[in-house]
$ cat final.cif   # mmCIF, C-alpha atoms
data_entry
loop_
_atom_site.label_atom_id
_atom_site.label_comp_id
_atom_site.auth_asym_id
_atom_site.auth_seq_id
_atom_site.Cartn_x
_atom_site.Cartn_y
_atom_site.Cartn_z
CA MET A 1 0.00 0.00 0.00
CA ASN A 2 1.43 3.38 -1.06
CA ILE A 3 0.40 5.75 1.72
CA ALA A 4 2.08 8.89 0.30
CA PRO A 5 -0.93 9.91 -1.89
CA TYR A 6 -3.25 9.49 1.10
CA ILE A 7 -1.01 11.71 3.26
CA LEU A 8 -0.79 14.39 0.55
CA ALA A 9 -4.56 14.32 0.11
CA HIS A 10 -4.99 15.08 3.83
CA GLY A 11 -2.86 18.22 4.00
CA ASN A 12 0.49 16.37 4.01
CA TRP A 13 0.14 15.23 7.60
CA ILE A 14 -1.79 12.38 9.19
CA SER A 15 -1.63 11.09 12.75
CA MET A 16 -0.22 7.66 13.54
CA GLU A 17 -3.78 6.69 14.50
CA GLN A 18 -4.98 7.58 11.00
CA PHE A 19 -2.07 5.66 9.50
CA MET A 20 -2.85 2.55 11.56
CA GLU A 21 -6.54 2.74 10.68
CA LEU A 22 -5.66 2.86 6.98
CA ALA A 23 -2.94 0.20 7.12
CA LEU A 24 -4.96 -2.25 9.22
CA TYR A 25 -8.59 -1.75 8.22
CA ASP A 26 -8.80 -0.15 4.76
CA GLU A 27 -11.32 -2.20 2.76
CA ILE A 28 -9.08 -2.39 -0.29
CA GLY A 29 -5.56 -2.83 1.09
CA GLY A 30 -5.88 -3.08 4.88
CA TYR A 31 -4.06 -5.89 6.67
CA TYR A 32 -7.07 -7.21 8.60
CA SER A 33 -9.39 -6.73 5.62
CA LYS A 34 -7.41 -8.37 2.82
CA ASN A 35 -3.86 -9.41 3.59
CA ILE A 36 -3.73 -11.07 7.00
CA SER A 37 -1.74 -14.31 6.99
CA SER A 38 -2.80 -17.26 9.07
CA ILE A 39 -2.20 -16.79 12.78
CA GLY A 40 0.28 -19.18 14.36
CA PHE A 41 3.58 -20.74 13.31
CA ARG A 42 3.13 -20.02 9.59
CA GLY A 43 1.48 -16.64 10.04
CA ASP A 44 2.70 -13.20 11.05
CA PHE A 45 2.23 -13.69 14.80
CA SER A 46 1.11 -16.19 17.44
CA THR A 47 -1.32 -15.78 20.31
CA SER A 48 -1.85 -17.73 23.52
CA ALA A 49 -4.79 -19.47 21.87
CA THR A 50 -2.65 -20.94 19.09
CA MET A 51 -0.16 -22.55 21.48
CA CYS A 52 -2.36 -24.74 23.68
CA ASP A 53 -5.77 -24.98 25.37
CA LEU A 54 -4.69 -23.47 28.72
CA LEU A 55 -6.21 -20.03 28.11
CA ALA A 56 -9.42 -21.61 26.77
CA ARG A 57 -9.77 -23.82 29.87
CA ARG A 58 -9.21 -20.89 32.20
CA ILE A 59 -11.74 -18.70 30.36
CA LEU A 60 -14.24 -21.54 30.53
CA GLN A 61 -13.65 -21.86 34.28
CA LEU A 62 -14.20 -18.12 34.74
CA TRP A 63 -17.41 -18.30 32.67
CA ARG A 64 -18.73 -21.06 34.91
CA GLU A 65 -17.93 -19.02 38.02
CA CYS A 66 -19.59 -15.97 36.48
CA CYS A 67 -22.75 -17.92 35.62
CA LYS A 68 -22.92 -19.22 39.18
CA SER A 69 -22.56 -15.76 40.75
CA HIS A 70 -25.20 -14.30 38.42
CA HIS A 71 -27.56 -17.28 38.83
CA ARG A 72 -28.02 -17.67 35.08
CA LYS A 73 -26.31 -19.33 32.13
CA LEU A 74 -24.74 -16.26 30.54
CA PRO A 75 -24.24 -16.13 26.77
CA ILE A 76 -20.59 -15.86 25.69
CA ILE A 77 -19.45 -12.96 23.49
CA GLU A 78 -15.91 -13.14 22.11
CA ILE A 79 -14.59 -9.92 20.57
CA GLY A 80 -11.85 -9.99 17.93
CA GLY A 81 -11.62 -13.76 17.69
CA GLY A 82 -9.18 -13.86 14.77
CA ASN A 83 -9.28 -17.18 12.96
CA GLY A 84 -11.46 -18.78 15.64
CA ASP A 85 -8.80 -20.89 17.38
CA LEU A 86 -9.83 -19.77 20.86
CA ALA A 87 -13.54 -20.30 20.15
CA MET A 88 -12.85 -23.82 18.95
CA ALA A 89 -10.70 -24.57 21.99
CA ILE A 90 -13.40 -23.31 24.37
CA CYS A 91 -16.11 -25.37 22.67
CA ARG A 92 -13.79 -28.37 22.66
CA ASN A 93 -13.40 -28.14 26.44
CA MET A 94 -17.10 -27.70 27.22
CA THR A 95 -19.18 -30.59 28.44
CA ILE A 96 -21.76 -31.95 26.03
CA TRP A 97 -24.50 -30.32 28.12
CA GLU A 98 -22.72 -26.94 28.07
CA ARG A 99 -22.40 -27.09 24.30
CA LEU A 100 -26.11 -27.82 23.99
CA ILE A 101 -27.38 -25.03 26.23
CA SER A 102 -24.78 -22.26 25.81
CA ARG A 103 -24.93 -19.47 23.24
CA TYR A 104 -21.64 -18.37 21.70
CA TYR A 105 -21.32 -15.11 19.75
CA MET A 106 -18.31 -13.64 18.00
CA VAL A 107 -17.80 -9.96 17.11
CA ASP A 108 -15.33 -8.59 14.57
CA ARG A 109 -15.21 -5.45 12.43
CA SER A 110 -13.36 -7.25 9.63
CA GLN A 111 -15.69 -8.85 7.09
CA ALA A 112 -12.93 -11.26 6.04
CA LEU A 113 -12.50 -12.49 9.61
CA ARG A 114 -16.26 -12.67 10.19
CA ASN A 115 -16.54 -14.93 7.16
CA LEU A 116 -13.85 -17.16 8.65
CA GLN A 117 -15.38 -17.14 12.14
CA GLY A 118 -18.80 -18.03 10.73
CA MET A 119 -17.40 -21.42 9.71
CA VAL A 120 -15.87 -22.17 13.13
CA GLY A 121 -18.77 -23.63 15.07
CA GLY A 122 -21.39 -24.29 12.45
CA HIS A 123 -24.81 -23.41 13.82
CA SER A 124 -23.50 -23.06 17.42
CA VAL A 125 -21.61 -19.79 16.74
CA THR A 126 -23.29 -16.57 15.59
CA VAL A 127 -21.16 -13.71 14.24
CA PHE A 128 -21.89 -9.98 14.56
CA SER A 129 -20.20 -6.85 13.26
CA SER A 130 -20.59 -4.92 16.54
CA VAL A 131 -20.79 -5.58 20.28
CA LYS A 132 -23.96 -3.48 20.45
CA LYS A 133 -25.75 -5.85 18.07
CA ALA A 134 -24.60 -8.90 20.02
CA LEU A 135 -25.70 -7.38 23.35
CA LYS A 136 -29.12 -6.51 21.98
CA LYS A 137 -29.47 -10.13 20.91
CA VAL A 138 -28.87 -11.34 24.48
CA ASP A 139 -30.77 -8.51 26.21
CA GLY A 140 -27.56 -7.08 27.67
CA HIS A 141 -26.59 -9.98 29.94
CA ALA A 142 -23.36 -11.63 28.85
CA PHE A 143 -19.91 -12.96 29.63
CA ILE A 144 -17.62 -10.95 27.35
CA PHE A 145 -13.96 -11.65 26.66
CA SER A 146 -11.13 -10.77 24.32
CA ASN A 147 -7.56 -11.93 23.79
CA GLU A 148 -5.16 -9.32 22.40
CA LEU A 149 -7.89 -6.87 21.38
CA PRO A 150 -6.98 -3.33 22.65
CA ASP A 151 -3.54 -3.53 21.02
CA ALA A 152 -5.24 -3.98 17.62
CA PHE A 153 -6.90 -0.57 17.90
CA PRO A 154 -5.18 2.38 16.19
CA ALA A 155 -3.15 4.41 18.68
CA ARG A 156 -2.16 8.05 18.77
CA GLN A 157 1.55 8.62 19.37
CA PHE A 158 3.10 11.53 21.30
CA VAL A 159 6.62 12.75 21.99
CA PHE A 160 7.75 15.03 24.85
CA GLN A 161 9.86 17.82 23.33
CA GLY A 162 10.89 21.17 24.74
CA GLY A 163 8.68 20.84 27.79
CA GLU A 164 5.47 19.89 25.97
CA TRP A 165 3.75 16.91 24.42
CA LEU A 166 3.49 16.91 20.61
CA GLU A 167 1.58 14.43 18.48
CA LEU A 168 3.60 12.35 16.04
CA GLY A 169 2.29 11.75 12.55
CA LEU A 170 3.44 11.18 9.01
CA THR A 171 4.35 13.64 6.28
CA VAL A 172 5.93 13.40 2.82
CA THR A 173 9.35 15.06 2.46
CA ASP A 174 11.41 14.75 -0.73
CA GLY A 175 9.20 11.86 -1.79
CA ARG A 176 9.78 9.96 1.46
CA VAL A 177 7.26 9.25 4.21
CA VAL A 178 8.69 10.40 7.55
CA ARG A 179 7.42 11.10 11.06
CA GLN A 180 6.75 14.70 12.07
CA ALA A 181 5.48 16.22 15.33
CA ASN A 182 2.54 18.63 15.50
CA ARG A 183 0.74 20.48 18.28
CA CYS A 184 -2.61 18.74 18.84
CA PRO A 185 -5.09 18.49 21.75
CA LEU A 186 -4.13 15.75 24.20
CA PRO A 187 -6.57 12.92 25.01
CA ALA A 188 -7.08 11.70 28.56
CA SER A 189 -4.32 9.31 29.59
CA SER A 190 -2.33 8.50 32.72
CA ALA A 191 0.87 8.35 30.65
CA PHE A 192 1.31 12.08 30.07
CA GLU A 193 2.28 12.98 33.62
CA GLN A 194 4.22 9.80 34.42
CA TRP A 195 6.44 9.82 31.32
CA ALA A 196 7.07 13.55 30.75
CA GLN A 197 10.78 13.13 30.01
CA GLU A 198 12.58 14.76 27.08
CA GLY A 199 12.36 12.61 23.97
CA GLN A 200 10.01 10.00 25.47
CA ILE A 201 7.43 8.63 23.02
CA ILE A 202 4.13 7.14 24.25
CA GLU A 203 0.98 5.71 22.68
CA VAL A 204 -2.63 6.34 23.70
CA HIS A 205 -5.41 3.97 22.60
CA GLU A 206 -8.04 6.70 22.45
CA SER A 207 -9.92 4.80 19.74
CA TYR A 208 -10.42 1.85 22.12
CA VAL A 209 -11.95 4.09 24.78
CA ALA A 210 -14.28 5.66 22.20
CA TRP A 211 -15.27 2.21 20.90
CA TYR A 212 -16.02 0.99 24.43
CA ALA A 213 -18.20 4.04 25.12
CA GLU A 214 -20.34 3.21 22.06
CA TRP A 215 -21.69 -0.04 23.50
CA GLU A 216 -20.98 -0.04 27.25
CA GLN A 217 -24.46 1.28 28.12
CA TYR A 218 -26.06 -1.79 26.50
CA TRP A 219 -24.19 -4.19 28.78
CA LYS A 220 -26.46 -4.80 31.77
CA SER A 221 -24.69 -7.52 33.74
CA GLY A 222 -22.01 -10.17 33.56
CA SER A 223 -18.22 -10.11 33.45
CA MET A 224 -15.70 -8.90 30.89
CA LEU A 225 -12.24 -10.40 30.58
CA THR A 226 -9.47 -8.53 28.76
CA VAL A 227 -6.13 -10.25 28.10
CA ASP A 228 -3.36 -8.35 26.33
CA TYR A 229 0.30 -7.46 26.31
CA GLY A 230 1.17 -4.28 28.16
CA GLN A 231 1.47 -3.16 31.76
CA THR A 232 0.37 -0.47 34.18
CA ASN A 233 1.59 3.08 33.63
CA ASP A 234 4.57 2.85 35.96
CA LYS A 235 6.03 -0.01 33.88
CA VAL A 236 4.69 0.14 30.33
CA TYR A 237 7.45 2.40 28.90
CA TYR A 238 10.28 1.29 31.17
CA ARG A 239 13.39 1.04 28.91
CA ARG A 240 11.29 2.10 25.90
CA PRO A 241 12.13 5.75 25.20
CA GLN A 242 11.00 5.30 21.58
CA GLY A 243 7.59 3.99 22.59
CA SER A 244 6.13 0.57 21.82
CA LEU A 245 4.63 0.99 18.33
CA ARG A 246 5.94 -1.78 16.07
CA GLY A 247 5.01 -4.24 13.35
CA TYR A 248 5.19 -8.00 12.78
CA MET A 249 5.57 -9.88 9.51
CA ALA A 250 6.27 -13.62 9.39
CA HIS A 251 7.21 -13.46 13.09
CA THR A 252 9.78 -10.75 12.35
CA LEU A 253 9.76 -7.62 14.52
CA LEU A 254 9.61 -4.37 12.54
CA SER A 255 10.47 -0.86 13.75
CA VAL A 256 8.26 2.08 12.77
CA GLU A 257 10.66 2.99 9.96
CA GLU A 258 10.69 -0.59 8.66
CA LEU A 259 6.92 -1.06 8.73
CA LEU A 260 6.03 2.14 6.84
CA PRO A 261 6.79 0.72 3.36
CA LEU A 262 5.03 -2.52 4.36
CA ALA A 263 1.74 -0.84 5.28
CA GLY A 264 -1.16 -3.16 4.63
CA ARG A 265 1.06 -6.24 4.55
CA CYS A 266 2.09 -6.46 8.22
CA ASP A 267 0.45 -6.33 11.62
CA ILE A 268 0.90 -3.06 13.54
CA THR A 269 0.52 -2.86 17.29
CA ALA A 270 1.42 -1.02 20.50
CA ASP A 271 1.52 -2.06 24.15
CA VAL A 272 -1.59 -1.45 26.23
CA ASN A 273 -1.49 0.98 29.16
CA PHE A 274 -3.58 -1.02 31.62
CA THR A 275 -3.83 1.93 34.01
CA ASP A 276 -5.95 3.71 31.39
CA LEU A 277 -8.14 0.62 30.94
CA ILE A 278 -8.56 0.15 34.70
CA ASN A 279 -9.53 3.82 35.16
CA MET A 280 -12.02 3.51 32.30
CA ALA A 281 -13.60 0.39 33.78
CA ARG A 282 -13.82 1.79 37.31
CA SER A 283 -15.60 4.89 36.06
CA CYS A 284 -18.52 2.74 34.87
CA ARG A 285 -21.42 2.39 37.29
CA ASP A 286 -20.46 0.28 40.32
CA ASP A 287 -18.34 -2.23 38.42
CA VAL A 288 -15.79 -4.28 40.33
CA VAL A 289 -12.40 -4.47 38.61
CA GLN A 290 -9.64 -7.04 39.10
CA TYR A 291 -6.15 -6.78 37.61
CA MET A 292 -3.48 -9.46 37.60
CA SER A 293 -0.65 -10.92 35.55
CA GLN A 294 -1.32 -13.64 33.02
CA ARG A 295 0.74 -15.95 35.23
CA ASP A 296 -1.56 -15.40 38.22
CA PHE A 297 -4.62 -15.83 36.02
CA LEU A 298 -3.51 -19.07 34.35
CA LEU A 299 -1.47 -20.74 37.10
CA PRO A 300 -4.45 -22.45 38.83
CA LEU A 301 -4.88 -24.67 35.75
CA ALA A 302 -1.36 -24.67 34.30
CA ASP A 303 0.69 -27.83 33.96
CA THR A 304 4.23 -26.47 33.90
CA SER A 305 5.58 -29.83 32.72
CA VAL A 306 3.97 -29.02 29.36
CA PRO A 307 6.35 -26.63 27.51
CA GLU A 308 3.59 -24.56 25.91
CA GLU A 309 1.79 -24.03 29.21
CA ALA A 310 5.04 -23.29 31.03
CA HIS A 311 5.78 -20.62 28.40
CA LEU A 312 2.47 -18.83 29.05
CA VAL A 313 3.15 -18.50 32.81
CA ALA A 314 6.91 -17.90 32.63
CA VAL A 315 8.36 -14.92 34.55
CA PRO A 316 10.11 -13.03 33.16
CA GLY A 317 8.24 -13.70 29.92
CA ALA A 318 4.66 -14.12 28.79
CA GLY A 319 3.55 -14.63 32.38
CA ASN A 320 4.12 -10.99 33.30
CA TYR A 321 4.34 -9.32 29.90
CA PHE A 322 0.71 -10.24 29.29
CA ASN A 323 -1.79 -9.02 31.85
CA VAL A 324 -5.45 -9.51 32.64
CA MET A 325 -8.32 -7.23 33.63
CA ILE A 326 -11.69 -8.62 34.77
CA GLN A 327 -14.66 -6.27 35.04
CA HIS A 328 -17.75 -7.51 36.94
CA ARG A 329 -21.17 -5.87 36.55
CA PHE A 330 -24.07 -6.86 38.81
CA ASN A 331 -26.46 -3.92 38.69
CA GLY A 332 -28.11 -4.50 35.31
#
$ encode --input "final.cif" --output "structure tokens"
Amino acid sequence: MNIAPYILAHGNWISMEQFMELALYDEIGGYYSKNISSIGFRGDFSTSATMCDLLARRILQLWRECCKSHHRKLPIIEIGGGNGDLAMAICRNMTIWERLISRYYMVDRSQALRNLQGMVGGHSVTVFSSVKKALKKVDGHAFIFSNELPDAFPARQFVFQGGEWLELGLTVTDGRVVRQANRCPLPASSAFEQWAQEGQIIEVHESYVAWYAEWEQYWKSGSMLTVDYGQTNDKVYYRRPQGSLRGYMAHTLLSVEELLPLAGRCDITADVNFTDLINMARSCRDDVVQYMSQRDFLLPLADTSVPEEAHLVAVPGAGNYFNVMIQHRFNG
């Protein structure tokens, strides 16, 4: 995808959020729309769901606990389910009775992925284009979960220069696409005060917060599980003065400069600031919020003699690089 004409058509400057939206979700050349490779060993990246069933078993255990505390068999809504590996693993680990009585819904904005997910569970899985539509289907009562979802949202990028925060974007100079800083209004984020050090670059997933606000009011009760890579504000940019924005192609890590010419053909992501997500969740009604490492979340069911399961709970490693937020809502 040649992004230079797009930048020139928008005043010769676009934000990194606009760039990510184009590169990931453009209907013609976007990565998630047209060019995503298979997830896993032969794809561009792997997730916990592609390695083993540990995450699926733990999610299923949490769903059972949630149903018990809410005194009802809550429908399951998975958001951003990729190629459906996690959905298949969860269904595989259900009892026959659970498979018969449970309702499983998947939500994805990508038509290509929705087409793929629609073939995962036959008639037992229903696919929607928005969380709002799925929640209306179940009258607002649901167990909602996602694995590596917030990081897939376009992020704004800021740099602290000369005593102020400036937004980083892309411009065309001498025929080359390069980053350039502009003065722009700052969104709400815990990172601005914590990381105000000369030259520090941060990312803010403002688009995720806006997306959540669109459907949150339709969620009446249940629990929501969010698993992703990233940390709380005091740790997320530790030893990362250049920020966390990066790309992946065939399991190869790409810097911002390397991924620009590969726009539309590689995954683009940034670490999640869980402090922002926790603050967002706690501001909703009387929700109860839990936060823990992936290790603490998975360890009750992990068999560390199995290499794949040991990898997911390893510290340092995936066990503390990935973290978990659980949001409980009882007042619907």
$ atom_distance --input "final.cif" --atom1 "atom CA of Trp215 of chain A" --atom2 "atom CA of Ser110 of chain A"
17.7 Å
$ atom_distance --input "final.cif" --atom1 "atom CA of Ile59 of chain A" --atom2 "atom CA of Thr126 of chain A"
18.9 Å
$ closest_residue --input "final.cif" --among "A:Ala270, A:Leu8, A:Val236, A:Ala250" --to "Asn320 of chain A" --atoms "only C-alpha atoms"
A:Val236
$ residues_around --input "final.cif" --residues "segment 292-297 of chain A" --least-positions-apart "4" --cutoff "10 Å" --atoms "all atoms listed in the file" --output "PDB file with C-alpha atoms, in the frame of the given file"
ATOM      1  CA  LEU A  55      -6.210 -20.030  28.110  1.00  0.00           C
ATOM      2  CA  ARG A  58      -9.210 -20.890  32.200  1.00  0.00           C
ATOM      3  CA  ILE A  59     -11.740 -18.700  30.360  1.00  0.00           C
ATOM      4  CA  LEU A  62     -14.200 -18.120  34.740  1.00  0.00           C
ATOM      5  CA  VAL A 227      -6.130 -10.250  28.100  1.00  0.00           C
ATOM      6  CA  ASP A 228      -3.360  -8.350  26.330  1.00  0.00           C
ATOM      7  CA  TYR A 229       0.300  -7.460  26.310  1.00  0.00           C
ATOM      8  CA  GLN A 231       1.470  -3.160  31.760  1.00  0.00           C
ATOM      9  CA  LEU A 301      -4.880 -24.670  35.750  1.00  0.00           C
ATOM     10  CA  ALA A 302      -1.360 -24.670  34.300  1.00  0.00           C
ATOM     11  CA  ALA A 310       5.040 -23.290  31.030  1.00  0.00           C
ATOM     12  CA  HIS A 311       5.780 -20.620  28.400  1.00  0.00           C
ATOM     13  CA  LEU A 312       2.470 -18.830  29.050  1.00  0.00           C
ATOM     14  CA  VAL A 313       3.150 -18.500  32.810  1.00  0.00           C
ATOM     15  CA  ALA A 314       6.910 -17.900  32.630  1.00  0.00           C
ATOM     16  CA  VAL A 315       8.360 -14.920  34.550  1.00  0.00           C
ATOM     17  CA  GLY A 317       8.240 -13.700  29.920  1.00  0.00           C
ATOM     18  CA  ALA A 318       4.660 -14.120  28.790  1.00  0.00           C
ATOM     19  CA  GLY A 319       3.550 -14.630  32.380  1.00  0.00           C
ATOM     20  CA  ASN A 320       4.120 -10.990  33.300  1.00  0.00           C
ATOM     21  CA  TYR A 321       4.340  -9.320  29.900  1.00  0.00           C
ATOM     22  CA  PHE A 322       0.710 -10.240  29.290  1.00  0.00           C
ATOM     23  CA  ASN A 323      -1.790  -9.020  31.850  1.00  0.00           C
ATOM     24  CA  VAL A 324      -5.450  -9.510  32.640  1.00  0.00           C
ATOM     25  CA  MET A 325      -8.320  -7.230  33.630  1.00  0.00           C
ATOM     26  CA  ILE A 326     -11.690  -8.620  34.770  1.00  0.00           C
TER      27      ILE A 326
END
$ resolve_selection --input "final.cif" --expression "the PyMOL selection byres ((chain A and resi 24-35) around 6)" --output "mmCIF file with C-alpha atoms, in the coordinates of the input"
data_model
loop_
_atom_site.group_PDB
_atom_site.id
_atom_site.type_symbol
_atom_site.label_atom_id
_atom_site.label_comp_id
_atom_site.auth_asym_id
_atom_site.auth_seq_id
_atom_site.Cartn_x
_atom_site.Cartn_y
_atom_site.Cartn_z
ATOM 1 C CA MET A 20 -2.850 2.550 11.560
ATOM 2 C CA GLU A 21 -6.540 2.740 10.680
ATOM 3 C CA LEU A 22 -5.660 2.860 6.980
ATOM 4 C CA ALA A 23 -2.940 0.200 7.120
ATOM 5 C CA ILE A 36 -3.730 -11.070 7.000
ATOM 6 C CA SER A 110 -13.360 -7.250 9.630
ATOM 7 C CA ALA A 112 -12.930 -11.260 6.040
ATOM 8 C CA GLY A 264 -1.160 -3.160 4.630
ATOM 9 C CA ARG A 265 1.060 -6.240 4.550
#
$ atom_distance --input "final.cif" --atom1 "atom CA of Pro261 of chain A" --atom2 "atom CA of Ala210 of chain A"
28.7 Å
$ resolve_selection --input "final.cif" --expression "the PyMOL selection byres ((chain A and resi 94) around 12)" --output "VMD selection string"
chain A and resid 53 56 to 61 63 to 64 87 to 93 95 to 102 104
$ resolve_selection --input "final.cif" --expression "the PyMOL selection byres ((chain A and resi 114) around 10)" --output "VMD selection string"
chain A and resid 80 to 84 106 to 113 115 to 120 126 to 129
$ residues_around --input "final.cif" --residues "Trp211 of chain A" --least-positions-apart "2" --cutoff "12 Å" --atoms "all atoms listed in the file" --output "number ranges by chain"
A: 109, 130-132, 149-150, 153-154, 205-209, 213-217, 280
$ closest_residue --input "final.cif" --among "A:Glu78, A:Glu258, A:Asp85, A:Glu65" --to "Met51 of chain A" --atoms "only C-alpha atoms"
A:Asp85
$ closest_residue --input "final.cif" --among "A:Val289, A:Cys266, A:Met16, A:Leu225" --to "Phe158 of chain A" --atoms "only C-alpha atoms"
A:Met16
$ closest_residue --input "final.cif" --among "A:Arg239, A:Arg183, A:His141, A:Arg246" --to "Cys66 of chain A" --atoms "all atoms listed in the file"
A:His141
$ axis_aligned_box --input "final.cif" --around "segment 211-228 of chain A" --padding-each-side "5 Å" --output "JSON"
{"center_x": -14.9, "center_y": -3.2, "center_z": 27.3, "size_x": 33.1, "size_y": 24.4, "size_z": 22.8}
$ closest_residue --input "final.cif" --among "A:Gln157, A:Ser244, A:Thr226, A:Thr173" --to "Ile144 of chain A" --atoms "only C-alpha atoms"
A:Thr226
$ residues_around --input "final.cif" --residues "Ser223 of chain A" --least-positions-apart "6" --cutoff "6 Å" --atoms "only C-alpha atoms" --output "number ranges by chain"
A: 143, 327-328
$ closest_residue --input "final.cif" --among "A:Pro316, A:Arg240, A:Lys220, A:Ala142" --to "Lys73 of chain A" --atoms "only C-alpha atoms"
A:Ala142
$ residues_around --input "final.cif" --residues "Ala4 of chain A" --least-positions-apart "6" --cutoff "10 Å" --atoms "all atoms listed in the file" --output "VMD selection string"
chain A and resid 12 to 13 170 to 173 175 to 178 261
